[in-house]
Amino acid sequence: QKEVEQDPGPLSVPEGAIVSLNCTYSNSAFQYFMWYRQYSRKGPELLMYTYSSGNKEDGRFTAQVDKSSKYISLFIRDSQPSDSATYLCAMDKLTFGTGTQLKVEL
Amino acid sequence: DAGVTQSPTHLIKTRGQHVTLRCSPISGHKSVSWYQQVLGQGPQFIFQYYEKEERGRGNFPDRFSARQFPNYSSELNVNALLLGDSALYLCASSARQGTYEQYFGPGTRLTVT
């Protein structure tokens, strides 16, 4: 079993939709949780960085961490075509998920 | 401010050859990490350097080595290249050791033929 599981998608949504991206993990020792956005053939860009459980909001993005369920989520409100990218979750110990490919269509 | 820079952008090598990839961190950042990202996968941690010392190593063979220079730039070296080494090699910098708030460069795409 991988330490971090992430549905690879692709996930296709209409413009303006609320997007939910998720990761599950197996190591209960993880305390730091990150979300990165990666455009095709580019390096990952840090979107959100959270510590322990709870919610964090930044503009149209909300990150949620549920340590009891070992489950983290990234919500994107009012999705735009420019949000089309691969979204990677990451945990401490520098462990990444495989990424979910998101396509926001006009 | 300039972000993380990496060179070269693309590289094609033959099996058995050696390659050196270079990275310059964000100004003021003292920690550099290297990752390998195979197409369709998330980045896999290779090395972390902080203040010119190796602070972490992932599960990669000894053919992979790295170093960090006094100006905090870094090199990743891979010897005896295999076809399976074809990947995007990413460098990430952070302000200090122990933080997971990292900023990635654009990567070097290595193709081994």
# chains A, B, ... in the order shown; residues from 1 in each chain; ligands from 1
>>> residues_around(residues="range 73-85 of chain B", least_positions_apart="3", cutoff="9 Å", atoms="only C-alpha atoms", output="MDAnalysis selection string")
chainID B and resid 13:25 30 32:34 36 38 47 49 52 62:70 91 110:113
>>> interface_residues(of="chain A", to="chain B", cutoff="9 Å", atoms="only C-alpha atoms", output="list in words")
Pro8, Tyr32, Phe33, Met34, Arg41, Lys42, Gly43, Pro44, Glu45, Leu46, Tyr49, Leu88, Cys89, Met91, Asp92, Lys93, Leu94, Thr95, Phe96, Gly97, Thr98 and Gly99 of chain A
>>> residues_around(residues="range 10-23 of chain A", least_positions_apart="5", cutoff="8 Å", atoms="only C-alpha atoms", output="PyMOL selection string")
chain A and resi 4-5+71-81+87+89+97+100-106
>>> select_by_dssp(residues="range 6-49 of chain A", states="strand (DSSP E)", output="PyMOL selection string")
chain A and resi 11-14+19-25+32-38+45-49
>>> write_last_selection(atoms="N, CA, C and O atoms", output="JSON list (two decimals), in the first residue's frame")
[["chain", "number", "residue", "atom", "x", "y", "z"],
["A", 11, "LEU", "N", -10.37, 14.43, -14.06],
["A", 11, "LEU", "CA", -11.61, 14.98, -13.56],
["A", 11, "LEU", "C", -11.97, 16.16, -14.44],
["A", 11, "LEU", "O", -11.18, 17.09, -14.58],
["A", 12, "SER", "N", -13.15, 16.11, -15.05],
["A", 12, "SER", "CA", -13.58, 17.15, -15.95],
["A", 12, "SER", "C", -14.83, 17.82, -15.38],
["A", 12, "SER", "O", -15.80, 17.13, -15.04],
["A", 13, "VAL", "N", -14.79, 19.16, -15.25],
["A", 13, "VAL", "CA", -15.92, 19.90, -14.67],
["A", 13, "VAL", "C", -16.21, 21.13, -15.53],
["A", 13, "VAL", "O", -15.31, 21.62, -16.24],
["A", 14, "PRO", "N", -17.44, 21.64, -15.47],
["A", 14, "PRO", "CA", -17.74, 22.87, -16.21],
["A", 14, "PRO", "C", -17.22, 24.10, -15.45],
["A", 14, "PRO", "O", -17.10, 24.08, -14.21],
["A", 19, "VAL", "N", -14.91, 22.27, -7.20],
["A", 19, "VAL", "CA", -14.10, 21.07, -7.41],
["A", 19, "VAL", "C", -13.63, 20.54, -6.06],
["A", 19, "VAL", "O", -13.22, 21.33, -5.19],
["A", 20, "SER", "N", -13.68, 19.24, -5.89],
["A", 20, "SER", "CA", -13.17, 18.60, -4.68],
["A", 20, "SER", "C", -12.10, 17.61, -5.07],
["A", 20, "SER", "O", -12.33, 16.68, -5.84],
["A", 21, "LEU", "N", -10.92, 17.81, -4.54],
["A", 21, "LEU", "CA", -9.78, 16.92, -4.79],
["A", 21, "LEU", "C", -9.37, 16.31, -3.46],
["A", 21, "LEU", "O", -9.36, 17.00, -2.43],
["A", 22, "ASN", "N", -9.02, 15.02, -3.47],
["A", 22, "ASN", "CA", -8.81, 14.33, -2.20],
["A", 22, "ASN", "C", -7.58, 13.45, -2.22],
["A", 22, "ASN", "O", -7.14, 12.97, -3.26],
["A", 23, "CYS", "N", -7.05, 13.22, -1.02],
["A", 23, "CYS", "CA", -5.96, 12.27, -0.82],
["A", 23, "CYS", "C", -6.22, 11.52, 0.48],
["A", 23, "CYS", "O", -6.73, 12.11, 1.45],
["A", 24, "THR", "N", -5.84, 10.27, 0.49],
["A", 24, "THR", "CA", -5.82, 9.51, 1.74],
["A", 24, "THR", "C", -4.38, 9.10, 2.02],
["A", 24, "THR", "O", -3.56, 9.00, 1.10],
["A", 25, "TYR", "N", -4.08, 8.88, 3.28],
["A", 25, "TYR", "CA", -2.71, 8.51, 3.64],
["A", 25, "TYR", "C", -2.76, 7.47, 4.74],
["A", 25, "TYR", "O", -3.75, 7.30, 5.44],
["A", 32, "TYR", "N", 2.12, 17.67, 8.45],
["A", 32, "TYR", "CA", 2.13, 18.78, 7.51],
["A", 32, "TYR", "C", 1.52, 18.31, 6.19],
["A", 32, "TYR", "O", 1.85, 17.23, 5.70],
["A", 33, "PHE", "N", 0.67, 19.15, 5.63],
["A", 33, "PHE", "CA", -0.07, 18.75, 4.44],
["A", 33, "PHE", "C", -0.04, 19.90, 3.44],
["A", 33, "PHE", "O", -0.35, 21.04, 3.78],
["A", 34, "MET", "N", 0.35, 19.59, 2.22],
["A", 34, "MET", "CA", 0.50, 20.61, 1.19],
["A", 34, "MET", "C", -0.28, 20.22, -0.05],
["A", 34, "MET", "O", -0.49, 19.03, -0.33],
["A", 35, "TRP", "N", -0.69, 21.22, -0.79],
["A", 35, "TRP", "CA", -1.26, 21.03, -2.12],
["A", 35, "TRP", "C", -0.45, 21.84, -3.11],
["A", 35, "TRP", "O", -0.16, 23.02, -2.87],
["A", 36, "TYR", "N", -0.10, 21.18, -4.21],
["A", 36, "TYR", "CA", 0.64, 21.82, -5.29],
["A", 36, "TYR", "C", -0.18, 21.74, -6.57],
["A", 36, "TYR", "O", -0.92, 20.77, -6.79],
["A", 37, "ARG", "N", -0.01, 22.74, -7.41],
["A", 37, "ARG", "CA", -0.60, 22.74, -8.75],
["A", 37, "ARG", "C", 0.54, 22.63, -9.75],
["A", 37, "ARG", "O", 1.55, 23.33, -9.63],
["A", 38, "GLN", "N", 0.39, 21.75, -10.72],
["A", 38, "GLN", "CA", 1.44, 21.56, -11.71],
["A", 38, "GLN", "C", 0.84, 21.62, -13.11],
["A", 38, "GLN", "O", 0.04, 20.76, -13.48],
["A", 45, "GLU", "N", 3.72, 24.11, -8.19],
["A", 45, "GLU", "CA", 3.58, 25.42, -7.54],
["A", 45, "GLU", "C", 2.83, 25.23, -6.23],
["A", 45, "GLU", "O", 1.73, 24.66, -6.22],
["A", 46, "LEU", "N", 3.40, 25.68, -5.13],
["A", 46, "LEU", "CA", 2.77, 25.52, -3.83],
["A", 46, "LEU", "C", 1.50, 26.37, -3.74],
["A", 46, "LEU", "O", 1.53, 27.58, -3.93],
["A", 47, "LEU", "N", 0.37, 25.71, -3.44],
["A", 47, "LEU", "CA", -0.92, 26.41, -3.30],
["A", 47, "LEU", "C", -1.29, 26.63, -1.83],
["A", 47, "LEU", "O", -1.68, 27.72, -1.44],
["A", 48, "MET", "N", -1.23, 25.55, -1.05],
["A", 48, "MET", "CA", -1.70, 25.60, 0.32],
["A", 48, "MET", "C", -0.75, 24.78, 1.19],
["A", 48, "MET", "O", -0.24, 23.75, 0.76],
["A", 49, "TYR", "N", -0.59, 25.22, 2.41],
["A", 49, "TYR", "CA", 0.33, 24.57, 3.36],
["A", 49, "TYR", "C", -0.36, 24.60, 4.72],
["A", 49, "TYR", "O", -0.65, 25.68, 5.24]]
>>> atom_distance(atom1="CA of His10 in chain B", atom2="CA of Ile26 in chain B")
21.0 Å
>>> atom_distance(atom1="CA of Tyr39 in chain A", atom2="CA of Arg96 in chain B")
26.3 Å
>>> decode(residues="range 9-22 of chain B", atoms="N, CA, C and O atoms", output="CSV table (one decimal), in the first residue's frame")
chain,number,residue,atom,x,y,z
B,9,THR,N,17.4,22.9,-19.5
B,9,THR,CA,16.0,22.7,-19.5
B,9,THR,C,15.7,21.3,-20.0
B,9,THR,O,14.8,20.6,-19.5
B,10,HIS,N,16.4,20.9,-21.1
B,10,HIS,CA,16.2,19.5,-21.6
B,10,HIS,C,17.6,19.0,-21.9
B,10,HIS,O,18.6,19.7,-22.1
B,11,LEU,N,17.6,17.6,-21.8
B,11,LEU,CA,18.9,16.9,-22.0
B,11,LEU,C,18.6,15.5,-22.5
B,11,LEU,O,17.7,14.9,-22.1
B,12,ILE,N,19.4,15.2,-23.5
B,12,ILE,CA,19.3,13.8,-24.1
B,12,ILE,C,20.7,13.1,-23.9
B,12,ILE,O,21.7,13.7,-24.3
B,13,LYS,N,20.7,12.0,-23.2
B,13,LYS,CA,21.9,11.2,-23.0
B,13,LYS,C,21.7,9.8,-23.4
B,13,LYS,O,20.6,9.3,-23.6
B,14,THR,N,22.8,9.1,-23.5
B,14,THR,CA,22.8,7.7,-23.9
B,14,THR,C,23.1,6.8,-22.7
B,14,THR,O,23.8,7.3,-21.7
B,15,ARG,N,22.5,5.6,-22.7
B,15,ARG,CA,22.8,4.7,-21.6
B,15,ARG,C,24.2,4.6,-21.2
B,15,ARG,O,25.1,4.5,-22.1
B,16,GLY,N,24.5,4.6,-20.0
B,16,GLY,CA,25.9,4.5,-19.5
B,16,GLY,C,26.6,5.8,-19.3
B,16,GLY,O,27.7,5.8,-18.6
B,17,GLN,N,26.1,6.9,-19.9
B,17,GLN,CA,26.7,8.2,-19.7
B,17,GLN,C,26.5,8.8,-18.3
B,17,GLN,O,25.7,8.2,-17.5
B,18,HIS,N,27.1,9.9,-18.1
B,18,HIS,CA,27.0,10.6,-16.8
B,18,HIS,C,26.3,12.0,-17.1
B,18,HIS,O,26.4,12.5,-18.2
B,19,VAL,N,25.5,12.5,-16.1
B,19,VAL,CA,24.8,13.8,-16.3
B,19,VAL,C,25.0,14.6,-15.0
B,19,VAL,O,25.0,14.1,-13.9
B,20,THR,N,25.1,15.9,-15.2
B,20,THR,CA,25.1,16.8,-14.1
B,20,THR,C,24.0,17.9,-14.3
B,20,THR,O,23.9,18.5,-15.4
B,21,LEU,N,23.1,18.0,-13.3
B,21,LEU,CA,22.0,19.0,-13.4
B,21,LEU,C,22.3,20.0,-12.3
B,21,LEU,O,22.8,19.7,-11.3
B,22,ARG,N,21.9,21.3,-12.6
B,22,ARG,CA,22.2,22.4,-11.7
B,22,ARG,C,21.0,23.1,-11.3
B,22,ARG,O,20.0,23.2,-12.0
